[in-house]
file query-v1.pdb (PDB, C-alpha atoms, pLDDT in the B column)
ATOM      1  CA  MET A   1     -22.490  -8.374  -2.455  1.00 31.00           C
ATOM      2  CA  THR A   2     -20.478  -6.085  -4.735  1.00 34.00           C
ATOM      3  CA  ALA A   3     -23.414  -5.263  -6.977  1.00 35.00           C
ATOM      4  CA  GLY A   4     -24.001  -1.561  -7.309  1.00 36.00           C
ATOM      5  CA  ILE A   5     -20.462  -0.532  -6.370  1.00 38.00           C
ATOM      6  CA  ASP A   6     -19.763   2.968  -7.645  1.00 39.00           C
ATOM      7  CA  ASP A   7     -16.216   3.615  -8.872  1.00 40.00           C
ATOM      8  CA  ARG A   8     -16.614   7.346  -9.485  1.00 39.00           C
ATOM      9  CA  ARG A   9     -13.915   9.788  -8.501  1.00 43.00           C
ATOM     10  CA  PRO A  10     -14.577  11.829  -5.351  1.00 47.00           C
ATOM     11  CA  ASP A  11     -17.246  14.485  -5.724  1.00 44.00           C
ATOM     12  CA  THR A  12     -16.455  17.975  -4.477  1.00 40.00           C
ATOM     13  CA  GLY A  13     -20.062  18.620  -3.539  1.00 42.00           C
ATOM     14  CA  ALA A  14     -21.715  18.234  -0.166  1.00 42.00           C
ATOM     15  CA  GLU A  15     -22.570  14.541  -0.482  1.00 51.00           C
ATOM     16  CA  ALA A  16     -20.173  11.681   0.213  1.00 62.00           C
ATOM     17  CA  PRO A  17     -19.938   9.888  -3.155  1.00 74.00           C
ATOM     18  CA  TYR A  18     -18.508   6.672  -1.711  1.00 88.00           C
ATOM     19  CA  GLY A  19     -20.976   6.165   1.129  1.00 84.00           C
ATOM     20  CA  GLU A  20     -22.937   3.377  -0.552  1.00 88.00           C
ATOM     21  CA  THR A  21     -19.803   1.557  -1.686  1.00 91.00           C
ATOM     22  CA  HIS A  22     -18.263   1.861   1.770  1.00 94.00           C
ATOM     23  CA  ALA A  23     -21.376   0.339   3.346  1.00 93.00           C
ATOM     24  CA  LEU A  24     -21.307  -2.605   0.926  1.00 91.00           C
ATOM     25  CA  ILE A  25     -17.649  -3.304   1.683  1.00 94.00           C
ATOM     26  CA  ALA A  26     -18.277  -3.010   5.430  1.00 94.00           C
ATOM     27  CA  LYS A  27     -20.974  -5.678   5.139  1.00 93.00           C
ATOM     28  CA  ALA A  28     -18.633  -8.013   3.246  1.00 91.00           C
ATOM     29  CA  VAL A  29     -15.824  -7.445   5.760  1.00 92.00           C
ATOM     30  CA  GLN A  30     -18.070  -8.217   8.702  1.00 90.00           C
ATOM     31  CA  GLU A  31     -19.715 -11.275   7.161  1.00 89.00           C
ATOM     32  CA  HIS A  32     -16.577 -12.918   5.758  1.00 88.00           C
ATOM     33  CA  GLY A  33     -13.783 -11.815   8.087  1.00 87.00           C
ATOM     34  CA  ILE A  34     -11.812  -9.993   5.397  1.00 92.00           C
ATOM     35  CA  SER A  35      -8.433  -8.575   6.480  1.00 94.00           C
ATOM     36  CA  THR A  36      -5.500  -6.980   4.682  1.00 96.00           C
ATOM     37  CA  ALA A  37      -3.837 -10.409   4.662  1.00 94.00           C
ATOM     38  CA  THR A  38      -6.847 -11.806   2.798  1.00 93.00           C
ATOM     39  CA  ILE A  39      -6.739  -8.956   0.293  1.00 96.00           C
ATOM     40  CA  ALA A  40      -2.967  -9.283  -0.194  1.00 96.00           C
ATOM     41  CA  ASP A  41      -3.405 -12.986  -1.018  1.00 93.00           C
ATOM     42  CA  VAL A  42      -6.149 -12.154  -3.512  1.00 95.00           C
ATOM     43  CA  LEU A  43      -4.033  -9.471  -5.175  1.00 97.00           C
ATOM     44  CA  ASP A  44      -1.167 -11.944  -5.523  1.00 95.00           C
ATOM     45  CA  GLY A  45      -3.513 -14.519  -7.034  1.00 93.00           C
ATOM     46  CA  LEU A  46      -4.779 -12.001  -9.573  1.00 95.00           C
ATOM     47  CA  GLY A  47      -1.260 -10.902 -10.510  1.00 96.00           C
ATOM     48  CA  ILE A  48      -1.738  -7.407  -9.070  1.00 96.00           C
ATOM     49  CA  THR A  49       1.667  -6.569  -7.627  1.00 96.00           C
ATOM     50  CA  ASN A  50       3.295  -3.689  -5.747  1.00 96.00           C
ATOM     51  CA  ARG A  51       0.195  -2.832  -3.702  1.00 98.00           C
ATOM     52  CA  VAL A  52       1.348  -3.406  -0.110  1.00 98.00           C
ATOM     53  CA  LEU A  53       2.731  -0.327   1.636  1.00 98.00           C
ATOM     54  CA  ASP A  54       6.076  -0.275   3.442  1.00 97.00           C
ATOM     55  CA  SER A  55       6.000  -2.179   6.746  1.00 96.00           C
ATOM     56  CA  ARG A  56       7.488   0.845   8.517  1.00 97.00           C
ATOM     57  CA  LEU A  57       4.082   2.481   8.198  1.00 98.00           C
ATOM     58  CA  HIS A  58       2.028   1.582  11.247  1.00 98.00           C
ATOM     59  CA  ARG A  59      -0.916   2.794  13.308  1.00 98.00           C
ATOM     60  CA  VAL A  60       0.000   5.815  15.441  1.00 98.00           C
ATOM     61  CA  SER A  61      -3.550   6.534  16.640  1.00 97.00           C
ATOM     62  CA  GLY A  62      -6.725   4.534  17.015  1.00 96.00           C
ATOM     63  CA  ASP A  63      -6.755   0.765  17.421  1.00 94.00           C
ATOM     64  CA  ASP A  64      -5.747  -1.917  14.921  1.00 94.00           C
ATOM     65  CA  ARG A  65      -9.227  -2.607  13.565  1.00 95.00           C
ATOM     66  CA  LEU A  66      -9.608  -2.545   9.787  1.00 97.00           C
ATOM     67  CA  PHE A  67     -10.445   0.788   8.204  1.00 98.00           C
ATOM     68  CA  PHE A  68     -10.882   1.401   4.504  1.00 98.00           C
ATOM     69  CA  GLY A  69     -12.032   3.916   1.943  1.00 97.00           C
ATOM     70  CA  ALA A  70     -11.426   5.384  -1.476  1.00 97.00           C
ATOM     71  CA  ALA A  71      -8.084   7.170  -1.573  1.00 98.00           C
ATOM     72  CA  TYR A  72      -7.946  10.941  -1.824  1.00 97.00           C
ATOM     73  CA  THR A  73      -4.314  11.725  -2.550  1.00 98.00           C
ATOM     74  CA  VAL A  74      -1.913  14.572  -1.893  1.00 97.00           C
ATOM     75  CA  GLY A  75       1.438  14.419  -3.682  1.00 97.00           C
ATOM     76  CA  TRP A  76       4.445  16.143  -2.122  1.00 96.00           C
ATOM     77  CA  VAL A  77       7.795  16.927  -3.758  1.00 93.00           C
ATOM     78  CA  MET A  78      11.091  18.173  -2.411  1.00 90.00           C
ATOM     79  CA  VAL A  79      11.737  21.877  -2.889  1.00 87.00           C
ATOM     80  CA  ARG A  80      14.472  22.629  -5.411  1.00 77.00           C
ATOM     81  CA  LYS A  81      16.030  25.923  -6.352  1.00 72.00           C
ATOM     82  CA  GLY A  82      14.445  27.802  -9.238  1.00 70.00           C
ATOM     83  CA  PRO A  83      16.085  29.480 -12.222  1.00 74.00           C
ATOM     84  CA  SER A  84      17.096  32.491 -10.122  1.00 75.00           C
ATOM     85  CA  ILE A  85      19.132  32.166  -6.948  1.00 71.00           C
ATOM     86  CA  MET A  86      17.817  35.611  -5.957  1.00 71.00           C
ATOM     87  CA  ALA A  87      14.157  34.547  -5.985  1.00 69.00           C
ATOM     88  CA  ALA A  88      12.350  33.582  -2.799  1.00 67.00           C
ATOM     89  CA  SER A  89      12.249  29.858  -2.078  1.00 65.00           C
ATOM     90  CA  PRO A  90       8.921  28.088  -2.501  1.00 64.00           C
ATOM     91  CA  SER A  91       7.124  26.018   0.166  1.00 66.00           C
ATOM     92  CA  THR A  92       5.396  29.002   1.736  1.00 73.00           C
ATOM     93  CA  TRP A  93       1.804  28.651   2.955  1.00 74.00           C
ATOM     94  CA  GLN A  94       0.488  29.307  -0.550  1.00 76.00           C
ATOM     95  CA  GLN A  95       2.472  26.350  -1.900  1.00 78.00           C
ATOM     96  CA  VAL A  96       1.430  23.896   0.819  1.00 83.00           C
ATOM     97  CA  ARG A  97      -2.064  24.994   1.870  1.00 87.00           C
ATOM     98  CA  ASP A  98      -3.775  22.524  -0.478  1.00 90.00           C
ATOM     99  CA  PHE A  99      -2.665  19.601   1.697  1.00 92.00           C
ATOM    100  CA  LEU A 100      -5.779  20.511   3.710  1.00 93.00           C
ATOM    101  CA  VAL A 101      -7.834  19.696   0.576  1.00 94.00           C
ATOM    102  CA  PRO A 102     -10.119  22.765   0.660  1.00 90.00           C
ATOM    103  CA  GLU A 103     -12.316  21.329  -2.118  1.00 91.00           C
ATOM    104  CA  VAL A 104     -13.388  18.364   0.054  1.00 94.00           C
ATOM    105  CA  VAL A 105     -16.328  19.088   2.335  1.00 93.00           C
ATOM    106  CA  ASP A 106     -17.210  15.503   3.255  1.00 94.00           C
ATOM    107  CA  GLY A 107     -14.548  12.820   3.492  1.00 95.00           C
ATOM    108  CA  ARG A 108     -16.834   9.986   4.534  1.00 95.00           C
ATOM    109  CA  GLY A 109     -15.979   6.813   2.631  1.00 96.00           C
ATOM    110  CA  MET A 110     -12.520   8.168   1.784  1.00 97.00           C
ATOM    111  CA  VAL A 111      -8.995   7.754   3.161  1.00 98.00           C
ATOM    112  CA  TYR A 112      -6.577  10.692   3.042  1.00 98.00           C
ATOM    113  CA  VAL A 113      -3.263   9.526   1.536  1.00 98.00           C
ATOM    114  CA  ALA A 114      -0.129  11.677   1.314  1.00 98.00           C
ATOM    115  CA  GLY A 115       3.176  10.641  -0.205  1.00 97.00           C
ATOM    116  CA  SER A 116       6.349  11.817  -1.878  1.00 96.00           C
ATOM    117  CA  GLY A 117       8.000   8.656  -3.141  1.00 96.00           C
ATOM    118  CA  PRO A 118      10.593   7.487  -0.577  1.00 97.00           C
ATOM    119  CA  LEU A 119       9.253   7.724   2.958  1.00 98.00           C
ATOM    120  CA  ILE A 120       9.847  11.146   4.512  1.00 97.00           C
ATOM    121  CA  THR A 121      11.017  10.312   8.023  1.00 97.00           C
ATOM    122  CA  ASP A 122      12.801  13.553   8.931  1.00 96.00           C
ATOM    123  CA  ALA A 123       9.883  15.974   8.380  1.00 95.00           C
ATOM    124  CA  ALA A 124       6.183  15.652   9.198  1.00 97.00           C
ATOM    125  CA  LEU A 125       3.566  15.429   6.460  1.00 97.00           C
ATOM    126  CA  ALA A 126       0.867  16.272   9.023  1.00 97.00           C
ATOM    127  CA  GLY A 127       0.448  17.148  12.679  1.00 97.00           C
ATOM    128  CA  GLY A 128      -2.115  17.320  15.420  1.00 97.00           C
ATOM    129  CA  LEU A 129      -4.062  20.257  14.027  1.00 96.00           C
ATOM    130  CA  SER A 130      -4.320  18.948  10.471  1.00 96.00           C
ATOM    131  CA  THR A 131      -5.190  15.380  11.464  1.00 97.00           C
ATOM    132  CA  THR A 132      -7.875  16.622  13.848  1.00 97.00           C
ATOM    133  CA  TYR A 133      -9.328  18.765  11.062  1.00 97.00           C
ATOM    134  CA  LEU A 134      -9.236  15.986   8.457  1.00 97.00           C
ATOM    135  CA  LEU A 135     -10.705  13.316  10.738  1.00 97.00           C
ATOM    136  CA  GLU A 136     -13.156  15.241  12.889  1.00 96.00           C
ATOM    137  CA  GLN A 137     -14.401  18.031  10.621  1.00 96.00           C
ATOM    138  CA  LEU A 138     -14.014  16.543   7.139  1.00 96.00           C
ATOM    139  CA  ARG A 139     -14.726  13.048   8.496  1.00 96.00           C
ATOM    140  CA  PHE A 140     -12.197  11.034   6.495  1.00 97.00           C
ATOM    141  CA  GLU A 141     -12.260   7.350   7.456  1.00 97.00           C
ATOM    142  CA  GLY A 142      -8.552   7.473   8.221  1.00 98.00           C
ATOM    143  CA  ILE A 143      -5.199   8.955   7.239  1.00 98.00           C
ATOM    144  CA  VAL A 144      -2.213   7.214   5.621  1.00 98.00           C
ATOM    145  CA  LEU A 145       1.008   9.225   5.475  1.00 98.00           C
ATOM    146  CA  GLY A 146       4.037   8.217   3.445  1.00 98.00           C
ATOM    147  CA  GLY A 147       6.337   9.272   6.236  1.00 98.00           C
ATOM    148  CA  ALA A 148       6.427  11.085   9.543  1.00 98.00           C
ATOM    149  CA  ILE A 149       3.909  12.935  11.671  1.00 98.00           C
ATOM    150  CA  ARG A 150       4.309  15.254  14.644  1.00 98.00           C
ATOM    151  CA  ASP A 151       2.418  16.385  17.762  1.00 97.00           C
ATOM    152  CA  ARG A 152       2.387  12.981  19.433  1.00 98.00           C
ATOM    153  CA  ASP A 153       0.458  14.290  22.436  1.00 97.00           C
ATOM    154  CA  VAL A 154      -2.484  15.334  20.234  1.00 97.00           C
ATOM    155  CA  VAL A 155      -2.340  12.506  17.702  1.00 97.00           C
ATOM    156  CA  GLU A 156      -2.196   9.654  20.209  1.00 96.00           C
ATOM    157  CA  GLN A 157      -5.281  10.970  22.006  1.00 95.00           C
ATOM    158  CA  SER A 158      -7.363  10.494  18.869  1.00 95.00           C
ATOM    159  CA  THR A 159      -9.549   7.407  18.542  1.00 95.00           C
ATOM    160  CA  ARG A 160      -9.522   7.794  14.757  1.00 96.00           C
ATOM    161  CA  PRO A 161      -6.920   5.880  12.705  1.00 98.00           C
ATOM    162  CA  VAL A 162      -3.710   7.452  11.444  1.00 98.00           C
ATOM    163  CA  VAL A 163      -0.893   5.499   9.777  1.00 98.00           C
ATOM    164  CA  ALA A 164       2.614   6.969   9.632  1.00 98.00           C
ATOM    165  CA  SER A 165       6.263   5.941   9.915  1.00 98.00           C
ATOM    166  CA  ASN A 166       7.368   7.846  13.021  1.00 98.00           C
ATOM    167  CA  PHE A 167       7.011  10.988  15.070  1.00 98.00           C
ATOM    168  CA  VAL A 168       9.381  13.884  14.447  1.00 98.00           C
ATOM    169  CA  PRO A 169       9.314  17.536  15.611  1.00 97.00           C
ATOM    170  CA  THR A 170      10.260  19.052  12.238  1.00 95.00           C
ATOM    171  CA  ASP A 171       7.614  20.053   9.703  1.00 92.00           C
ATOM    172  CA  THR A 172       7.937  20.194   5.906  1.00 89.00           C
ATOM    173  CA  GLN A 173       7.960  23.991   5.675  1.00 83.00           C
ATOM    174  CA  GLY A 174      10.772  25.126   3.372  1.00 82.00           C
ATOM    175  CA  ALA A 175      11.730  21.565   2.406  1.00 88.00           C
ATOM    176  CA  TYR A 176       8.667  20.176   0.578  1.00 92.00           C
ATOM    177  CA  ARG A 177       5.708  21.566  -1.311  1.00 90.00           C
ATOM    178  CA  VAL A 178       2.399  20.169  -2.549  1.00 93.00           C
ATOM    179  CA  GLU A 179       2.618  19.104  -6.196  1.00 93.00           C
ATOM    180  CA  SER A 180      -0.854  17.639  -6.714  1.00 95.00           C
ATOM    181  CA  VAL A 181      -4.142  17.154  -4.886  1.00 96.00           C
ATOM    182  CA  GLY A 182      -6.817  14.659  -5.892  1.00 96.00           C
ATOM    183  CA  GLY A 183      -4.640  13.022  -8.560  1.00 97.00           C
ATOM    184  CA  SER A 184      -2.048  10.496  -7.439  1.00 97.00           C
ATOM    185  CA  CYS A 185       0.969  10.100  -5.208  1.00 98.00           C
ATOM    186  CA  LEU A 186       3.732   7.623  -4.455  1.00 98.00           C
ATOM    187  CA  VAL A 187       4.035   6.054  -1.013  1.00 98.00           C
ATOM    188  CA  ASP A 188       7.568   4.749  -1.217  1.00 97.00           C
ATOM    189  CA  HIS A 189       7.370   2.584  -4.392  1.00 96.00           C
ATOM    190  CA  VAL A 190       3.586   2.066  -4.379  1.00 98.00           C
ATOM    191  CA  PRO A 191       1.458   4.288  -6.656  1.00 98.00           C
ATOM    192  CA  VAL A 192      -1.849   5.421  -5.168  1.00 98.00           C
ATOM    193  CA  HIS A 193      -4.461   7.080  -7.357  1.00 98.00           C
ATOM    194  CA  THR A 194      -7.430   9.020  -6.109  1.00 97.00           C
ATOM    195  CA  GLY A 195     -10.304   6.536  -6.254  1.00 97.00           C
ATOM    196  CA  ASP A 196      -8.186   3.460  -5.472  1.00 98.00           C
ATOM    197  CA  TRP A 197      -9.355   1.612  -2.375  1.00 98.00           C
ATOM    198  CA  VAL A 198      -7.128   1.598   0.713  1.00 98.00           C
ATOM    199  CA  PHE A 199      -7.458  -1.075   3.427  1.00 98.00           C
ATOM    200  CA  SER A 200      -5.449  -0.876   6.651  1.00 98.00           C
ATOM    201  CA  ASP A 201      -5.337  -2.939   9.857  1.00 97.00           C
ATOM    202  CA  GLY A 202      -2.786  -4.315  12.307  1.00 96.00           C
ATOM    203  CA  ASN A 203      -1.102  -6.304   9.540  1.00 96.00           C
ATOM    204  CA  GLY A 204      -0.389  -3.255   7.385  1.00 98.00           C
ATOM    205  CA  THR A 205      -1.912  -1.330   4.496  1.00 98.00           C
ATOM    206  CA  VAL A 206      -2.841  -2.470   0.982  1.00 98.00           C
ATOM    207  CA  VAL A 207      -4.115  -0.557  -2.040  1.00 98.00           C
ATOM    208  CA  VAL A 208      -6.663  -2.022  -4.468  1.00 98.00           C
ATOM    209  CA  PRO A 209      -6.858  -0.400  -7.927  1.00 97.00           C
ATOM    210  CA  ALA A 210     -10.289   1.147  -8.441  1.00 96.00           C
ATOM    211  CA  ALA A 211     -10.915  -0.811 -11.633  1.00 96.00           C
ATOM    212  CA  ARG A 212     -10.302  -4.146  -9.859  1.00 96.00           C
ATOM    213  CA  LEU A 213     -12.360  -3.535  -6.718  1.00 95.00           C
ATOM    214  CA  HIS A 214     -15.279  -5.737  -7.799  1.00 90.00           C
ATOM    215  CA  GLU A 215     -13.245  -8.876  -8.440  1.00 94.00           C
ATOM    216  CA  VAL A 216     -10.883  -8.357  -5.503  1.00 95.00           C
ATOM    217  CA  LEU A 217     -13.740  -7.956  -3.049  1.00 93.00           C
ATOM    218  CA  ALA A 218     -15.617 -10.957  -4.443  1.00 92.00           C
ATOM    219  CA  ALA A 219     -12.500 -13.149  -4.249  1.00 92.00           C
ATOM    220  CA  ALA A 220     -11.672 -11.851  -0.762  1.00 92.00           C
ATOM    221  CA  ALA A 221     -15.155 -12.799   0.434  1.00 89.00           C
ATOM    222  CA  THR A 222     -14.674 -16.340  -0.882  1.00 87.00           C
ATOM    223  CA  THR A 223     -11.222 -16.598   0.700  1.00 82.00           C
ATOM    224  CA  GLY A 224     -12.502 -15.179   3.972  1.00 79.00           C
ATOM    225  CA  ARG A 225     -15.285 -17.764   4.137  1.00 80.00           C
ATOM    226  CA  THR A 226     -12.804 -20.570   3.491  1.00 79.00           C
ATOM    227  CA  GLU A 227     -10.406 -19.311   6.165  1.00 79.00           C
ATOM    228  CA  GLN A 228     -13.183 -18.999   8.730  1.00 80.00           C
ATOM    229  CA  ASP A 229     -14.215 -22.582   8.021  1.00 79.00           C
ATOM    230  CA  VAL A 230     -10.624 -23.836   8.299  1.00 80.00           C
ATOM    231  CA  LEU A 231     -10.212 -22.032  11.623  1.00 85.00           C
ATOM    232  CA  ARG A 232     -13.435 -23.590  12.893  1.00 85.00           C
ATOM    233  CA  ARG A 233     -12.231 -27.070  11.896  1.00 85.00           C
ATOM    234  CA  ILE A 234      -8.831 -26.575  13.565  1.00 88.00           C
ATOM    235  CA  ARG A 235     -10.539 -25.567  16.799  1.00 91.00           C
ATOM    236  CA  ALA A 236     -12.758 -28.635  16.489  1.00 88.00           C
ATOM    237  CA  GLY A 237      -9.631 -30.824  16.552  1.00 88.00           C
ATOM    238  CA  GLU A 238      -8.895 -31.534  12.878  1.00 84.00           C
ATOM    239  CA  ARG A 239      -5.281 -31.616  11.694  1.00 87.00           C
ATOM    240  CA  LEU A 240      -4.276 -28.611   9.634  1.00 86.00           C
ATOM    241  CA  PRO A 241      -2.214 -30.543   7.002  1.00 85.00           C
ATOM    242  CA  ASN A 242      -5.249 -32.685   6.214  1.00 83.00           C
ATOM    243  CA  ILE A 243      -7.500 -29.639   5.885  1.00 79.00           C
ATOM    244  CA  ILE A 244      -5.035 -27.903   3.563  1.00 82.00           C
ATOM    245  CA  ASP A 245      -4.854 -31.010   1.386  1.00 84.00           C
ATOM    246  CA  GLU A 246      -8.637 -30.768   1.053  1.00 82.00           C
ATOM    247  CA  VAL A 247      -9.153 -27.017   0.565  1.00 80.00           C
ATOM    248  CA  GLY A 248      -5.891 -26.221  -1.247  1.00 77.00           C
ATOM    249  CA  THR A 249      -5.088 -23.006   0.581  1.00 72.00           C
ATOM    250  CA  ILE A 250      -3.467 -21.708   3.758  1.00 66.00           C
TER     251      ILE A 250
END

call {"tool": "encode", "arguments": {"input": "query-v1.pdb", "output": "structure tokens"}}
result
Amino acid sequence: MTAGIDDRRPDTGAEAPYGETHALIAKAVQEHGISTATIADVLDGLGITNRVLDSRLHRVSGDDRLFFGAAYTVGWVMVRKGPSIMAASPSTWQQVRDFLVPEVVDGRGMVYVAGSGPLITDAALAGGLSTTYLLEQLRFEGIVLGGAIRDRDVVEQSTRPVVASNFVPTDTQGAYRVESVGGSCLVDHVPVHTGDWVFSDGNGTVVVPAARLHEVLAAAATTGRTEQDVLRRIRAGERLPNIIDEVGTI
């Protein structure tokens, strides 16, 4: 079911380069009941560590159904003084405008991910206008922010998924600037590279390295099938300890 998966970096042209891959994953998720818990177990089994995002990040819009896509990252950094104390401080519109990823015209199959290392909880990495633009016009599958968001009244009306730590009225203007777009970022201690695959549901959010997508998805499908069978047997009246002794997993 993973045959034909395309691990290319996002294209800046009009077509969505991850559409075919996204459809293949969607089929596997539906058929085998794959969740972020399944993927986290697979990552542990493969020795792929530090890929689960901070539990403070939760769904602030949309429902808790699984969404996923190839990451498109925006890296933020704190503004520091330059060599001259007389020079104007950065973090003007020209230093932050790229967080709206002007080179992306079609975000289908991708998840917008923004981070700056430790979670930014006292200033918003996005707000109602930017999330509406990213989700409704650029059509990203979802948004994952390594910190706060604002404009609760607008954001909570959206049916599209946004993950953030909290709402706050303050924006990042004057305090943070965009360091990189389409490269990589840190969400707390977890590195996310553009092209990695992000999966998020009511359990939380996990990141699968692009180069390991094939084997992770194949193993997750196997695990998902086993878990569905175990659940069926429990509901049929079998004792869980006996089933675990047989299948060797829980």

call {"tool": "closest_residue", "arguments": {"input": "query-v1.pdb", "among": "A:Ser184, A:Asn50, A:Thr170, A:Ser200", "to": "Gly115 of chain A", "atoms": "all atoms listed in the file"}}
result
A:Ser184

call {"tool": "resolve_selection", "arguments": {"input": "query-v1.pdb", "expression": "the PyMOL selection byres ((chain A and resi 98) around 10)", "output": "PyMOL selection string"}}
result
chain A and resi 74+93-97+99-103+177-181

call {"tool": "residues_around", "arguments": {"input": "query-v1.pdb", "residues": "Ser158 of chain A", "least_positions_apart": "4", "cutoff": "10 Å", "atoms": "only C-alpha atoms", "output": "MDAnalysis selection string"}}
result
chainID A and resid 60:63 128 131:132 135:136 153:154 162

call {"tool": "write_last_selection", "arguments": {"input": "query-v1.pdb", "atoms": "C-alpha atoms", "output": "PDB file, in the frame of the given file"}}
result
ATOM      1  CA  VAL A  60       0.000   5.815  15.441  1.00 98.00           C
ATOM      2  CA  SER A  61      -3.550   6.534  16.640  1.00 97.00           C
ATOM      3  CA  GLY A  62      -6.725   4.534  17.015  1.00 96.00           C
ATOM      4  CA  ASP A  63      -6.755   0.765  17.421  1.00 94.00           C
ATOM      5  CA  GLY A 128      -2.115  17.320  15.420  1.00 97.00           C
ATOM      6  CA  THR A 131      -5.190  15.380  11.464  1.00 97.00           C
ATOM      7  CA  THR A 132      -7.875  16.622  13.848  1.00 97.00           C
ATOM      8  CA  LEU A 135     -10.705  13.316  10.738  1.00 97.00           C
ATOM      9  CA  GLU A 136     -13.156  15.241  12.889  1.00 96.00           C
ATOM     10  CA  ASP A 153       0.458  14.290  22.436  1.00 97.00           C
ATOM     11  CA  VAL A 154      -2.484  15.334  20.234  1.00 97.00           C
ATOM     12  CA  VAL A 162      -3.710   7.452  11.444  1.00 98.00           C
TER      13      VAL A 162
END

call {"tool": "closest_residue", "arguments": {"input": "query-v1.pdb", "among": "A:Arg225, A:Arg212, A:Arg56, A:His193", "to": "Pro118 of chain A", "atoms": "only C-alpha atoms"}}
result
A:Arg56

call {"tool": "closest_residue", "arguments": {"input": "query-v1.pdb", "among": "A:Val77, A:Leu138, A:Ile34, A:Ile85", "to": "Asp106 of chain A", "atoms": "only C-alpha atoms"}}
result
A:Leu138

call {"tool": "closest_residue", "arguments": {"input": "query-v1.pdb", "among": "A:Thr21, A:Ser35, A:Ser116, A:Asn242", "to": "Ala175 of chain A", "atoms": "all atoms listed in the file"}}
result
A:Ser116

call {"tool": "residues_around", "arguments": {"input": "query-v1.pdb", "residues": "Gly142 of chain A", "least_positions_apart": "4", "cutoff": "12 Å", "atoms": "only C-alpha atoms", "output": "PDB file with C-alpha atoms, in the frame of the given file"}}
result
ATOM      1  CA  ARG A  59      -0.916   2.794  13.308  1.00 98.00           C
ATOM      2  CA  VAL A  60       0.000   5.815  15.441  1.00 98.00           C
ATOM      3  CA  SER A  61      -3.550   6.534  16.640  1.00 97.00           C
ATOM      4  CA  GLY A  62      -6.725   4.534  17.015  1.00 96.00           C
ATOM      5  CA  ASP A  63      -6.755   0.765  17.421  1.00 94.00           C
ATOM      6  CA  ASP A  64      -5.747  -1.917  14.921  1.00 94.00           C
ATOM      7  CA  ARG A  65      -9.227  -2.607  13.565  1.00 95.00           C
ATOM      8  CA  LEU A  66      -9.608  -2.545   9.787  1.00 97.00           C
ATOM      9  CA  PHE A  67     -10.445   0.788   8.204  1.00 98.00           C
ATOM     10  CA  PHE A  68     -10.882   1.401   4.504  1.00 98.00           C
ATOM     11  CA  GLY A  69     -12.032   3.916   1.943  1.00 97.00           C
ATOM     12  CA  ALA A  70     -11.426   5.384  -1.476  1.00 97.00           C
ATOM     13  CA  ALA A  71      -8.084   7.170  -1.573  1.00 98.00           C
ATOM     14  CA  TYR A  72      -7.946  10.941  -1.824  1.00 97.00           C
ATOM     15  CA  GLY A 107     -14.548  12.820   3.492  1.00 95.00           C
ATOM     16  CA  ARG A 108     -16.834   9.986   4.534  1.00 95.00           C
ATOM     17  CA  GLY A 109     -15.979   6.813   2.631  1.00 96.00           C
ATOM     18  CA  MET A 110     -12.520   8.168   1.784  1.00 97.00           C
ATOM     19  CA  VAL A 111      -8.995   7.754   3.161  1.00 98.00           C
ATOM     20  CA  TYR A 112      -6.577  10.692   3.042  1.00 98.00           C
ATOM     21  CA  VAL A 113      -3.263   9.526   1.536  1.00 98.00           C
ATOM     22  CA  ALA A 114      -0.129  11.677   1.314  1.00 98.00           C
ATOM     23  CA  THR A 131      -5.190  15.380  11.464  1.00 97.00           C
ATOM     24  CA  THR A 132      -7.875  16.622  13.848  1.00 97.00           C
ATOM     25  CA  TYR A 133      -9.328  18.765  11.062  1.00 97.00           C
ATOM     26  CA  LEU A 134      -9.236  15.986   8.457  1.00 97.00           C
ATOM     27  CA  LEU A 135     -10.705  13.316  10.738  1.00 97.00           C
ATOM     28  CA  GLU A 136     -13.156  15.241  12.889  1.00 96.00           C
ATOM     29  CA  LEU A 138     -14.014  16.543   7.139  1.00 96.00           C
ATOM     30  CA  SER A 158      -7.363  10.494  18.869  1.00 95.00           C
ATOM     31  CA  THR A 159      -9.549   7.407  18.542  1.00 95.00           C
ATOM     32  CA  ARG A 160      -9.522   7.794  14.757  1.00 96.00           C
ATOM     33  CA  PRO A 161      -6.920   5.880  12.705  1.00 98.00           C
ATOM     34  CA  VAL A 162      -3.710   7.452  11.444  1.00 98.00           C
ATOM     35  CA  VAL A 163      -0.893   5.499   9.777  1.00 98.00           C
ATOM     36  CA  ALA A 164       2.614   6.969   9.632  1.00 98.00           C
ATOM     37  CA  VAL A 198      -7.128   1.598   0.713  1.00 98.00           C
ATOM     38  CA  PHE A 199      -7.458  -1.075   3.427  1.00 98.00           C
ATOM     39  CA  SER A 200      -5.449  -0.876   6.651  1.00 98.00           C
ATOM     40  CA  ASP A 201      -5.337  -2.939   9.857  1.00 97.00           C
ATOM     41  CA  THR A 205      -1.912  -1.330   4.496  1.00 98.00           C
TER      42      THR A 205
END

call {"tool": "residues_near_point", "arguments": {"input": "query-v1.pdb", "point": "(-8.3, -25.0, 0.5)", "cutoff": "12 Å", "atoms": "all atoms listed in the file", "output": "PyMOL selection string"}}
result
chain A and resi 222-231+240-250

call {"tool": "resolve_selection", "arguments": {"input": "query-v1.pdb", "expression": "the PyMOL selection byres ((chain A and resi 169) around 8)", "output": "JSON, numbers by chain"}}
result
{"A": [123, 124, 150, 151, 167, 168, 170, 171]}

call {"tool": "residues_around", "arguments": {"input": "query-v1.pdb", "residues": "Leu43 of chain A", "least_positions_apart": "2", "cutoff": "10 Å", "atoms": "all atoms listed in the file", "output": "list of chain:residue names"}}
result
A:Ala37, A:Thr38, A:Ile39, A:Ala40, A:Asp41, A:Gly45, A:Leu46, A:Gly47, A:Ile48, A:Thr49, A:Asn50, A:Arg51, A:Val52, A:Val206, A:Val207, A:Val208, A:Pro209, A:Arg212, A:Glu215, A:Val216, A:Ala219, A:Ala220

call {"tool": "residues_around", "arguments": {"input": "query-v1.pdb", "residues": "Gly117 of chain A", "least_positions_apart": "4", "cutoff": "9 Å", "atoms": "only C-alpha atoms", "output": "list in words"}}
result
Gly75, Trp76, Val77, Gly146, Cys185, Leu186, Val187, Asp188, His189, Val190 and Pro191 of chain A
